[in-house]
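Trainee: Please read through the structure below; I'll follow up with questions.
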Amino acid sequence: MIDKRVASIADAMAGVKDGSVVLLGGFGVVGQPQELLGGLIEQGARDLTIVSNNAGFGSPMLPKLFALGRVAKLICSFPRPTPPAFEELFKAGKIALELVPQGTIAERIRAAAVGVPAFYTPTAVGTRLAEGKEVREFDGRTYVMERALHADVALIQAWRADRWGNLTFRGTGRNFNPVMATAAKLTIVQTRHMVELGELDPESIVTPGIFVNRVVHVESPDPPPA
Amino acid sequence: MTTRTTADEVKPWGRQEMAARLARDIPEGWYVNLGLGLPTLIPDYIPQGREVVFHSENGVLGMGPVPPKDQVDTWLVNATKQNITLVKGASLFHHADSFGMIRGGHLDLCVLGAYEVAENGDIANWATSQNDAVPAVGGAMDLSAGSKRLWVLMEHTTKDGLPRIVSRCAYPLTASCVVKRVYTNLAVIDVTERGFEVLDMAPGVTLESLQSCTDAKLRMAG
């Protein structure tokens with residue numbers, strides 16, 4: 001019997017190694033798996049590279065992970081408003097920031113997921129975010145080469161999940177979650193609702209279970225009003 | 001005491017009027033992404049019955065207005081992370097698909113604010129210097145490079161009266177040769193192969209007065 005359910009957040013986070021590249025779902029706090037982040041803090045892995053659209057805006061847990069000195073590098077499109085913990089470490093040169101346009105982060109993750117090592121994009125051509133990168137002309141337009149972004153771990157927040165790891169999402173809590181779920185060696189999901197196999201409509205499943213390794217049921221609160 | 005209005009008196013468009021002036025030019029059926037700040041005022045001025053579909057970069061087509069406080073669904077936010085509503089016919093999708101729509105040229109229009117626009121269509125709107133405390137770019141470069149057309153909505157000059165419509169951008173570029181039109185508090189200006197061409201001016205503005213607060217060369221369209 002295939003059963004990807006785990007009993008606790010600690011079980012979900014077991015084995016995350018020092019130096020891991022961690023994809024973190026969420027746009028601001030919506031769709032960001034706070035309880036898994038809490039589990040990562042407890043679990044103790046350090047020297048992490050976190051891939052997240054924001055630097056923890058509205059998030060209680062990500063700034064805490066920075067403050068504990070556990071993150072070596074952040075790959076991010078919009079680290080504003082900037083949590084004080086991140087800004088201090090950044091100014092002190094104790095954390096690296098790789099600033100990447102939002103759509104380029106998403107596409108680099110998708111490329112990793114689908115076996116494409118690199119791609120050319122028109123985004124950022126002629127700007128300082130393309131400095132030092134290979135450029136090439138196709139049909140009269142210039143493009144910059146971007147590499148796939150592979151990860152060791154993805155931390156995902158779903159709305160519904162079954163024991164095979166099939167997932168659905170809620171509202172704009174979807175954001176980076178489905179694409180991040182496809183690109184890591186170990187995809188860990190916290191789900192608001194755990195349902196019986198067969199209960200999710202196959203026509204409506206957003207993330208097929210093949211991409212998911214562990215699912216933990218967490219009755220997390222709704223995001224705060226904004 | 002009454003104020004006399006003469007034909008010569010300059011009356012710049014206010015923020016609402018700027019948004020309304022731009023909204024007039026959005027035809028039915030367009031898929032439109034609106035940037036932060038001034039552009040967010042635009043939906044209020046789309047005439048009732050004209051179907052325009054608003055895109056939010058975090059995975060929404062069919063974004064509706066801000067809900068009343070007692071009807072908020074906190075799982076629905078826009079690019080600035082404010083709660084929003086969905087209109088009938090709205091759809092939700094993930095980030096790679098959302099930016100695929102953007103990069104793939106499927107959006108008819110993107111409206112952004114900017115620090116500067118140059119006569120070749122360059123836009124600078126993401127960084128004010130080479131050493132911001134913590135730099136941030138978000139979706140600005142994707143939207144600028146990917147939309148079918150990019151319009152900029154901004155004040156004509158800085159608070160100190162310095163030109164923002166320039167021969168060449170001084171601030172770091174967001175994208176090169178992409179801006180098609182600029183709406184300011186003083187004028188509507190097309191970016192063409194021949195340079196900036198003025199389509200419309202606020203009451204009392206003349207080409208000469210406009211030129212005096214613009215760095216790049218202007219000419220009337222047509």
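Going by the structure tokens order, chains are called A, B, ..., each with residues numbered from 1, while ligands are numbered from 1 in the order shown.
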Skipping near chain neighbours, those fewer than 5 positions away, what residues fall within 7 Å of Gly28 (chain A) using only C-alpha atoms, listed as a list in words?
Mentor: Asn54, Gly56, Phe57 and Gly58 of chain A; Lys81 of chain B
Trainee: Please report, as JSON lines, each residue of chain A lying at most 9 Å from chain B, together with the nearest pair of atoms and the separation in Å rounded to one decimal; use only C-alpha atoms, and order rows by chain and ascending residue number.
Mentor:
{"residue": "A:Phe27", "atom": "CA", "partner": "B:Asn58", "partner_atom": "CA", "distance": 7.2}
{"residue": "A:Gly28", "atom": "CA", "partner": "B:Lys81", "partner_atom": "CA", "distance": 6.8}
{"residue": "A:Val29", "atom": "CA", "partner": "B:Lys81", "partner_atom": "CA", "distance": 8.7}
{"residue": "A:Val30", "atom": "CA", "partner": "B:Trp75", "partner_atom": "CA", "distance": 6.4}
{"residue": "A:Gly31", "atom": "CA", "partner": "B:Trp75", "partner_atom": "CA", "distance": 8.0}
{"residue": "A:Asn53", "atom": "CA", "partner": "B:Gly138", "partner_atom": "CA", "distance": 7.9}
{"residue": "A:Asn54", "atom": "CA", "partner": "B:Gly138", "partner_atom": "CA", "distance": 8.8}
{"residue": "A:Cys76", "atom": "CA", "partner": "B:Ala136", "partner_atom": "CA", "distance": 8.3}
{"residue": "A:Ser77", "atom": "CA", "partner": "B:Gly138", "partner_atom": "CA", "distance": 4.7}
{"residue": "A:Phe78", "atom": "CA", "partner": "B:Ala136", "partner_atom": "CA", "distance": 4.5}
{"residue": "A:Pro79", "atom": "CA", "partner": "B:Ala136", "partner_atom": "CA", "distance": 5.7}
{"residue": "A:Arg80", "atom": "CA", "partner": "B:Ala136", "partner_atom": "CA", "distance": 6.6}
{"residue": "A:Thr82", "atom": "CA", "partner": "B:Val134", "partner_atom": "CA", "distance": 7.6}
{"residue": "A:Glu87", "atom": "CA", "partner": "B:Val134", "partner_atom": "CA", "distance": 7.1}
{"residue": "A:Phe90", "atom": "CA", "partner": "B:Val134", "partner_atom": "CA", "distance": 7.8}
{"residue": "A:Lys91", "atom": "CA", "partner": "B:Ala133", "partner_atom": "CA", "distance": 7.7}
{"residue": "A:Leu97", "atom": "CA", "partner": "B:Val134", "partner_atom": "CA", "distance": 8.7}
{"residue": "A:Leu99", "atom": "CA", "partner": "B:Ala136", "partner_atom": "CA", "distance": 7.0}
{"residue": "A:Val100", "atom": "CA", "partner": "B:Val137", "partner_atom": "CA", "distance": 7.5}
{"residue": "A:Pro101", "atom": "CA", "partner": "B:Gly138", "partner_atom": "CA", "distance": 5.7}
{"residue": "A:Gln102", "atom": "CA", "partner": "B:Gly139", "partner_atom": "CA", "distance": 5.0}
{"residue": "A:Gly103", "atom": "CA", "partner": "B:Phe99", "partner_atom": "CA", "distance": 5.0}
{"residue": "A:Thr104", "atom": "CA", "partner": "B:Asp142", "partner_atom": "CA", "distance": 7.7}
{"residue": "A:Ile105", "atom": "CA", "partner": "B:Ala96", "partner_atom": "CA", "distance": 8.5}
{"residue": "A:Ala106", "atom": "CA", "partner": "B:Ala96", "partner_atom": "CA", "distance": 4.8}
{"residue": "A:Glu107", "atom": "CA", "partner": "B:Ala96", "partner_atom": "CA", "distance": 5.7}
{"residue": "A:Ile109", "atom": "CA", "partner": "B:Ala96", "partner_atom": "CA", "distance": 8.3}
{"residue": "A:Arg110", "atom": "CA", "partner": "B:Ala96", "partner_atom": "CA", "distance": 6.9}
{"residue": "A:Thr121", "atom": "CA", "partner": "B:Arg103", "partner_atom": "CA", "distance": 8.1}
{"residue": "A:Pro122", "atom": "CA", "partner": "B:Ala145", "partner_atom": "CA", "distance": 6.2}
{"residue": "A:Thr123", "atom": "CA", "partner": "B:Asp142", "partner_atom": "CA", "distance": 5.1}
{"residue": "A:Ala124", "atom": "CA", "partner": "B:Met141", "partner_atom": "CA", "distance": 5.7}
{"residue": "A:Val125", "atom": "CA", "partner": "B:Ala175", "partner_atom": "CA", "distance": 6.8}
{"residue": "A:Gly126", "atom": "CA", "partner": "B:Ser176", "partner_atom": "CA", "distance": 6.4}
{"residue": "A:Thr127", "atom": "CA", "partner": "B:Leu173", "partner_atom": "CA", "distance": 5.4}
{"residue": "A:Arg128", "atom": "CA", "partner": "B:Pro172", "partner_atom": "CA", "distance": 7.2}
{"residue": "A:Arg170", "atom": "CA", "partner": "B:Trp75", "partner_atom": "CA", "distance": 6.6}
{"residue": "A:Gly171", "atom": "CA", "partner": "B:Trp75", "partner_atom": "CA", "distance": 5.2}
{"residue": "A:Thr172", "atom": "CA", "partner": "B:Leu76", "partner_atom": "CA", "distance": 5.2}
{"residue": "A:Gly173", "atom": "CA", "partner": "B:Trp75", "partner_atom": "CA", "distance": 6.0}
{"residue": "A:Arg174", "atom": "CA", "partner": "B:His94", "partner_atom": "CA", "distance": 5.8}
{"residue": "A:Asn175", "atom": "CA", "partner": "B:His94", "partner_atom": "CA", "distance": 4.7}
{"residue": "A:Phe176", "atom": "CA", "partner": "B:His95", "partner_atom": "CA", "distance": 5.2}
{"residue": "A:Asn177", "atom": "CA", "partner": "B:His94", "partner_atom": "CA", "distance": 7.4}
{"residue": "A:Pro178", "atom": "CA", "partner": "B:His94", "partner_atom": "CA", "distance": 6.4}
{"residue": "A:Val179", "atom": "CA", "partner": "B:Ala96", "partner_atom": "CA", "distance": 6.6}
{"residue": "A:Asp222", "atom": "CA", "partner": "B:Thr74", "partner_atom": "CA", "distance": 6.8}
{"residue": "A:Pro223", "atom": "CA", "partner": "B:Thr74", "partner_atom": "CA", "distance": 5.6}
{"residue": "A:Pro224", "atom": "CA", "partner": "B:Thr74", "partner_atom": "CA", "distance": 6.3}
{"residue": "A:Pro225", "atom": "CA", "partner": "B:Thr74", "partner_atom": "CA", "distance": 5.3}
{"residue": "A:Ala226", "atom": "CA", "partner": "B:Gln82", "partner_atom": "CA", "distance": 5.0}
Trainee: Next, write the just-selected residues to a file, as a compact mmCIF listing (two decimals), in the first residue's frame, keeping C-alpha atoms as the atom set.
Mentor:
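Result file is out-v9.txt:
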# COMPACT_ATOMS: atom_id res chain seq x y z
CA PHE A 27 3.64 34.43 -1.73
CA GLY A 28 4.09 36.56 1.34
CA VAL A 29 2.50 34.45 4.05
CA VAL A 30 -0.33 33.04 1.89
CA GLY A 31 0.42 29.42 1.04
CA ASN A 53 9.68 34.83 -3.35
CA ASN A 54 9.85 37.02 -0.23
CA CYS A 76 14.50 35.65 -3.82
CA SER A 77 12.71 38.17 -6.09
CA PHE A 78 11.30 40.62 -3.57
CA PRO A 79 12.93 40.70 -0.11
CA ARG A 80 10.79 43.69 0.98
CA THR A 82 12.76 43.27 4.81
CA GLU A 87 18.77 43.04 6.88
CA PHE A 90 22.87 40.91 4.89
CA LYS A 91 24.61 44.16 5.82
CA LEU A 97 21.26 37.20 -1.57
CA LEU A 99 18.13 38.46 -6.57
CA VAL A 100 16.19 36.84 -9.42
CA PRO A 101 13.16 38.19 -11.33
CA GLN A 102 10.01 36.49 -10.07
CA GLY A 103 9.15 34.72 -13.31
CA THR A 104 12.72 33.59 -13.79
CA ILE A 105 12.69 31.91 -10.35
CA ALA A 106 9.47 30.12 -11.28
CA GLU A 107 10.81 29.02 -14.69
CA ILE A 109 12.27 25.66 -10.90
CA ARG A 110 10.00 24.37 -13.68
CA THR A 121 14.50 34.28 -21.51
CA PRO A 122 13.93 37.90 -22.58
CA THR A 123 13.51 38.91 -18.92
CA ALA A 124 16.34 41.07 -17.51
CA VAL A 125 18.19 41.45 -20.84
CA GLY A 126 20.20 44.69 -20.73
CA THR A 127 19.87 45.03 -16.95
CA ARG A 128 22.31 44.46 -14.14
CA ARG A 170 -6.84 27.09 -1.91
CA GLY A 171 -7.17 30.51 -3.60
CA THR A 172 -3.89 32.28 -4.26
CA GLY A 173 -2.27 29.93 -1.71
CA ARG A 174 -1.44 27.95 -4.87
CA ASN A 175 1.28 30.41 -6.07
CA PHE A 176 4.73 28.72 -6.14
CA ASN A 177 3.56 25.54 -4.38
CA PRO A 178 2.68 23.33 -7.38
CA VAL A 179 5.83 24.16 -9.34
CA ASP A 222 -6.15 30.76 7.68
CA PRO A 223 -3.81 33.57 6.64
CA PRO A 224 -4.45 36.83 8.53
CA PRO A 225 -6.49 39.58 6.78
CA ALA A 226 -4.35 41.97 4.75
Trainee: May I ask for the distance between CA of Gly140 (chain A) and CA of Cys169 (chain B), given in Å to one decimal place?
Mentor: 23.5 Å
Trainee: Closest to Leu65 (chain A) among A:Val51, A:Glu42, A:Glu203, A:Asp139, using only C-alpha atoms?
Mentor: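 Between A:Val51, A:Glu42, A:Glu203, A:Asp139, the residue approaching Leu65 (chain A) most closely is A:Glu42.
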Trainee: Could you pull the residues within 12 Å of Val191 (chain B), counting only C-alpha atoms, minus those fewer than 6 positions along the same chain, as a VMD selection string?
Mentor: chain B and resid 117 to 123 149 to 152 165 to 167 177 to 183 197 to 199 216 to 221
Trainee: Can you list, as an MDAnalysis selection string, all residues belonging to region 16-48 of chain A that DSSP tags as strand (DSSP E)?
Mentor: chainID A and resid 21:24 48
Trainee: If we count only C-alpha atoms and set the cut-off at 8 Å, which residues sit around Pro163 (chain B), ignoring sequence neighbours fewer than 5 positions away in its own chain? Please answer as a list in words.
Mentor: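 Counting only the stated atoms, we get His156, Thr157, Thr158, Cys213, Thr214 and Asp215 of chain B.
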Trainee: Convert the current residue selection to file output with N, CA and C atoms, as a PDB file, in the first residue's frame.
Mentor:
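File part.pdb, as written:
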ATOM      1  N   HIS B 156       4.921  63.629 -14.228  1.00  0.00           N
ATOM      2  CA  HIS B 156       5.799  64.048 -15.320  1.00  0.00           C
ATOM      3  C   HIS B 156       7.227  64.364 -14.849  1.00  0.00           C
ATOM      4  N   THR B 157       7.313  64.890 -13.625  1.00  0.00           N
ATOM      5  CA  THR B 157       8.638  65.232 -13.065  1.00  0.00           C
ATOM      6  C   THR B 157       8.753  64.665 -11.647  1.00  0.00           C
ATOM      7  N   THR B 158       9.963  64.726 -11.091  1.00  0.00           N
ATOM      8  CA  THR B 158      10.154  64.352  -9.691  1.00  0.00           C
ATOM      9  C   THR B 158       9.555  65.443  -8.803  1.00  0.00           C
ATOM     10  N   CYS B 213       9.890  70.994 -19.082  1.00  0.00           N
ATOM     11  CA  CYS B 213      10.079  70.086 -17.939  1.00  0.00           C
ATOM     12  C   CYS B 213      10.316  68.650 -18.412  1.00  0.00           C
ATOM     13  N   THR B 214      10.784  68.530 -19.650  1.00  0.00           N
ATOM     14  CA  THR B 214      11.080  67.213 -20.237  1.00  0.00           C
ATOM     15  C   THR B 214      12.505  67.232 -20.763  1.00  0.00           C
ATOM     16  N   ASP B 215      13.245  66.164 -20.470  1.00  0.00           N
ATOM     17  CA  ASP B 215      14.648  66.126 -20.884  1.00  0.00           C
ATOM     18  C   ASP B 215      14.785  65.784 -22.367  1.00  0.00           C
TER      19      ASP B 215
END
Trainee: Could you give me, as a ChimeraX atom specification, each residue of region 27-209 of chain A that DSSP assigns to alpha helix (DSSP H) when run on this structure's backbone?
Mentor: /A:34-43,61-67,84-91,102-113,177-181
Trainee: Take the residues from that selection and write them out as a PDB file, in the first residue's frame, keeping C-alpha atoms.
Mentor:
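For reference, selection_3.pdb as written:
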ATOM      1  CA  GLN A  34       4.531  27.892   8.631  1.00  0.00           C
ATOM      2  CA  GLU A  35       4.332  24.653  10.605  1.00  0.00           C
ATOM      3  CA  LEU A  36       6.881  22.905   8.361  1.00  0.00           C
ATOM      4  CA  LEU A  37       9.171  25.912   8.776  1.00  0.00           C
ATOM      5  CA  GLY A  38       8.720  25.535  12.526  1.00  0.00           C
ATOM      6  CA  GLY A  39       9.663  21.886  12.071  1.00  0.00           C
ATOM      7  CA  LEU A  40      12.790  22.858  10.135  1.00  0.00           C
ATOM      8  CA  ILE A  41      13.797  25.161  12.989  1.00  0.00           C
ATOM      9  CA  GLU A  42      13.364  22.284  15.462  1.00  0.00           C
ATOM     10  CA  GLN A  43      15.088  19.786  13.171  1.00  0.00           C
ATOM     11  CA  MET A  61       8.885  31.558  10.980  1.00  0.00           C
ATOM     12  CA  LEU A  62      11.230  32.539   8.127  1.00  0.00           C
ATOM     13  CA  PRO A  63      12.704  35.590   9.953  1.00  0.00           C
ATOM     14  CA  LYS A  64      13.249  33.285  12.946  1.00  0.00           C
ATOM     15  CA  LEU A  65      15.256  30.888  10.768  1.00  0.00           C
ATOM     16  CA  PHE A  66      17.413  33.839   9.604  1.00  0.00           C
ATOM     17  CA  ALA A  67      17.862  35.101  13.170  1.00  0.00           C
ATOM     18  CA  PRO A  84      15.253  43.175  10.509  1.00  0.00           C
ATOM     19  CA  ALA A  85      16.934  39.797  11.101  1.00  0.00           C
ATOM     20  CA  PHE A  86      17.638  39.443   7.372  1.00  0.00           C
ATOM     21  CA  GLU A  87      18.769  43.037   6.878  1.00  0.00           C
ATOM     22  CA  GLU A  88      21.282  42.827   9.739  1.00  0.00           C
ATOM     23  CA  LEU A  89      22.840  39.598   8.460  1.00  0.00           C
ATOM     24  CA  PHE A  90      22.873  40.911   4.890  1.00  0.00           C
ATOM     25  CA  LYS A  91      24.613  44.156   5.822  1.00  0.00           C
ATOM     26  CA  GLN A 102      10.012  36.488 -10.066  1.00  0.00           C
ATOM     27  CA  GLY A 103       9.146  34.719 -13.314  1.00  0.00           C
ATOM     28  CA  THR A 104      12.722  33.588 -13.787  1.00  0.00           C
ATOM     29  CA  ILE A 105      12.694  31.911 -10.355  1.00  0.00           C
ATOM     30  CA  ALA A 106       9.470  30.115 -11.284  1.00  0.00           C
ATOM     31  CA  GLU A 107      10.810  29.025 -14.691  1.00  0.00           C
ATOM     32  CA  ARG A 108      14.177  27.883 -13.320  1.00  0.00           C
ATOM     33  CA  ILE A 109      12.269  25.656 -10.898  1.00  0.00           C
ATOM     34  CA  ARG A 110      10.000  24.366 -13.680  1.00  0.00           C
ATOM     35  CA  ALA A 111      13.054  23.656 -15.854  1.00  0.00           C
ATOM     36  CA  ALA A 112      14.607  21.581 -13.063  1.00  0.00           C
ATOM     37  CA  ALA A 113      11.354  19.670 -12.684  1.00  0.00           C
ATOM     38  CA  ASN A 177       3.562  25.540  -4.377  1.00  0.00           C
ATOM     39  CA  PRO A 178       2.678  23.325  -7.378  1.00  0.00           C
ATOM     40  CA  VAL A 179       5.829  24.160  -9.335  1.00  0.00           C
ATOM     41  CA  MET A 180       8.094  23.849  -6.284  1.00  0.00           C
ATOM     42  CA  ALA A 181       6.518  20.484  -5.429  1.00  0.00           C
TER      43      ALA A 181
END
Trainee: List as an mmCIF file with N, CA and C atoms, in the first residue's frame the protein and nucleic acid residues near region 43-48 of chain B, meaning an atom at most 8 Å away when only C-alpha atoms are counted, but skip any in the same chain fewer than 6 places from it.
Mentor:
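Output saved as out19.cif:
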data_model
loop_
_atom_site.group_PDB
_atom_site.id
_atom_site.type_symbol
_atom_site.label_atom_id
_atom_site.label_comp_id
_atom_site.auth_asym_id
_atom_site.auth_seq_id
_atom_site.Cartn_x
_atom_site.Cartn_y
_atom_site.Cartn_z
ATOM 1 N N ALA B 19 -5.571 58.190 -13.885
ATOM 2 C CA ALA B 19 -6.038 56.797 -13.997
ATOM 3 C C ALA B 19 -7.222 56.720 -14.957
ATOM 4 N N ALA B 20 -8.141 57.710 -14.857
ATOM 5 C CA ALA B 20 -9.325 57.721 -15.712
ATOM 6 C C ALA B 20 -8.936 57.939 -17.172
ATOM 7 N N ALA B 23 -7.614 54.674 -18.419
ATOM 8 C CA ALA B 23 -8.674 53.651 -18.487
ATOM 9 C C ALA B 23 -9.507 53.799 -19.762
ATOM 10 N N ARG B 24 -9.722 55.055 -20.189
ATOM 11 C CA ARG B 24 -10.481 55.352 -21.412
ATOM 12 C C ARG B 24 -9.909 54.614 -22.619
ATOM 13 N N ILE B 26 -8.359 51.686 -22.736
ATOM 14 C CA ILE B 26 -8.301 50.213 -22.659
ATOM 15 C C ILE B 26 -9.581 49.652 -23.273
#
Trainee: CA of Leu197 (chain A) to CA of Arg163 (chain A): how many Å, to one decimal?
Mentor: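 Rounded to one decimal, the two atoms are 6.4 Å apart.
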Trainee: What lies within 7 Å of Leu109 (chain B) using only C-alpha atoms, ignoring chain neighbours under 4 positions off, as a compact mmCIF listing (two decimals) with C-alpha atoms, in the first residue's frame?
Mentor:
# COMPACT_ATOMS: atom_id res chain seq x y z
CA TYR B 31 -6.10 41.10 -20.50
CA VAL B 32 -4.32 43.63 -18.31
CA ASN B 33 -1.74 43.52 -15.52
CA SER B 147 3.76 42.15 -22.19
CA LYS B 148 2.48 42.88 -25.70
CA ARG B 149 2.47 46.55 -24.75
CA LEU B 150 3.80 48.43 -21.76
Trainee: Record the distance separating CA of Leu155 (chain A) and CA of Leu61 (chain B), expressed in Å with one decimal.
Mentor: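 Here the two named atoms are 25.8 Å from each other.
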Trainee: Would you mind listing what lies within 7 Å of region 141-147 of chain A as an NGL selection string, with only C-alpha atoms counted and same-chain residues fewer than 2 positions away left out?
Mentor: :A and (108 or 117-122 or 125 or 130 or 133-139 or 149)
